[in-house]
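Before any comments, here is the structure.
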Amino acid sequence: LAIFYFMVFAALAICKALSEWFWFGASTWGEAALRSATAAISNAPMLCVLFLGTHLRAEQISQGKVGPPPAAELGMKLCTWSVVIETLLVLVVPLLTGDAPMVSSQEELKFRGEDRLVTGILTLVKGATTIGLYLGFS
């Protein structure tokens, strides 16, 4: 998750640099998609710290013999895959709809496009990843 986080931010920095060097304009298609992806992956550092703390506490309680219980590991995997799928979804949206998703002031992603079916399916998948993230936390 941490590597994926840094890959998205590195790709955004590279895209911005290329955009400035070759005068592509203020905001290119790729840069808008990567900026939306940074909003989608903004939970990654918090999740990494939470997972690390959970793992260390489980090892402290068991005196180094076992890690977290299987239910906690399942929650960690669910949260991780929810963030990864949501980020990949945001990166694929411009290919499907022709427009990058909008990011509101609360960093909520909103899809827009002319094809209502594709937009509806993308919104449904995004909602499923959000539910998976919340279920993994609890």
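Residues are named by chain letter and number: chains run A, B, ... in the order of the structure tokens, numbers start at 1 in each chain, and ligands are numbered from 1 in the order shown.
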Got a sec: who's within 6 Å of region 32-38 of chain A, counting only C-alpha atoms, leaving out chain neighbours fewer than 6 positions off, as a ChimeraX atom specification? /A:12,87,90-91,100
Neighbours of Thr28 (chain A) within 9 Å (only C-alpha atoms; same-chain residues fewer than 5 positions away dropped), as a ChimeraX atom specification? /A:15-16,19,33
Print the selection's residues with C-alpha atoms to a file, as a compact mmCIF listing (two decimals), in the first residue's frame.
# COMPACT_ATOMS: atom_id res chain seq x y z
CA CYS A 15 3.32 14.22 -15.26
CA LYS A 16 3.50 17.79 -13.91
CA SER A 19 3.59 19.16 -18.71
CA ALA A 33 -6.63 11.71 -13.49
For the structure I just gave you, how does DSSP split chain A - specifically, which residues are helix (DSSP H, G or I)? Reply as a PyMOL selection string. chain A and resi 2-21+29-40+44-61+70-97+116-137
Region 115-126 of chain A: which residues within 8 Å, counting only C-alpha atoms, same-chain residues fewer than 5 positions away excluded, as a PyMOL selection string? chain A and resi 86+89+93+96-97+110
Would you mind exporting the chosen residues as a PDB file, in the first residue's frame, restricted to N, CA and C atoms?
ATOM      1  N   GLU A  86     -10.227   1.338  -5.582  1.00  0.00           N
ATOM      2  CA  GLU A  86     -10.761   2.682  -5.800  1.00  0.00           C
ATOM      3  C   GLU A  86      -9.762   3.547  -6.571  1.00  0.00           C
ATOM      4  N   LEU A  89      -9.672   2.384 -10.130  1.00  0.00           N
ATOM      5  CA  LEU A  89     -10.920   2.805 -10.758  1.00  0.00           C
ATOM      6  C   LEU A  89     -10.833   4.258 -11.205  1.00  0.00           C
ATOM      7  N   VAL A  93     -11.216   5.609 -15.096  1.00  0.00           N
ATOM      8  CA  VAL A  93     -12.404   6.405 -15.436  1.00  0.00           C
ATOM      9  C   VAL A  93     -12.190   7.287 -16.669  1.00  0.00           C
ATOM     10  N   LEU A  96     -12.828   5.395 -19.807  1.00  0.00           N
ATOM     11  CA  LEU A  96     -14.208   4.963 -20.043  1.00  0.00           C
ATOM     12  C   LEU A  96     -15.155   6.119 -20.320  1.00  0.00           C
ATOM     13  N   THR A  97     -14.979   7.225 -19.617  1.00  0.00           N
ATOM     14  CA  THR A  97     -15.915   8.342 -19.750  1.00  0.00           C
ATOM     15  C   THR A  97     -15.348   9.515 -20.534  1.00  0.00           C
ATOM     16  N   LYS A 110     -16.553  12.227  -7.567  1.00  0.00           N
ATOM     17  CA  LYS A 110     -17.824  12.199  -8.284  1.00  0.00           C
ATOM     18  C   LYS A 110     -17.514  11.973  -9.756  1.00  0.00           C
TER      19      LYS A 110
END
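Of the listed residues (A:Ala17, A:Ala58, A:Ala128, A:Ala2), A:Ala128 comes nearest to Ile85 (chain A); the distances count only C-alpha atoms.
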Between A:Val66, A:Ala71, A:Ala11, A:Ala44, single out the one closest to Leu133 (chain A), counting only C-alpha atoms. A:Ala44
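Here the question is which of A:Leu135, A:Cys48, A:Leu18, A:Ile61 gets nearest to Leu74 (chain A) using only C-alpha atoms, and that residue is A:Leu135.
Closest approach to Thr129 (chain A) from the set A:Glu31, A:Glu20, A:Pro94, A:Trp81 is made by A:Trp81, with distances taken over only C-alpha atoms.
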Best match for closeness to Met76 (chain A) among A:Ala13, A:Val92, A:Val49, A:Phe137, counting only C-alpha atoms: A:Phe137
Counting only C-alpha atoms, the option among A:Leu50, A:Ser62, A:Gly67, A:Ala39 closest to Tyr5 (chain A): A:Ala39
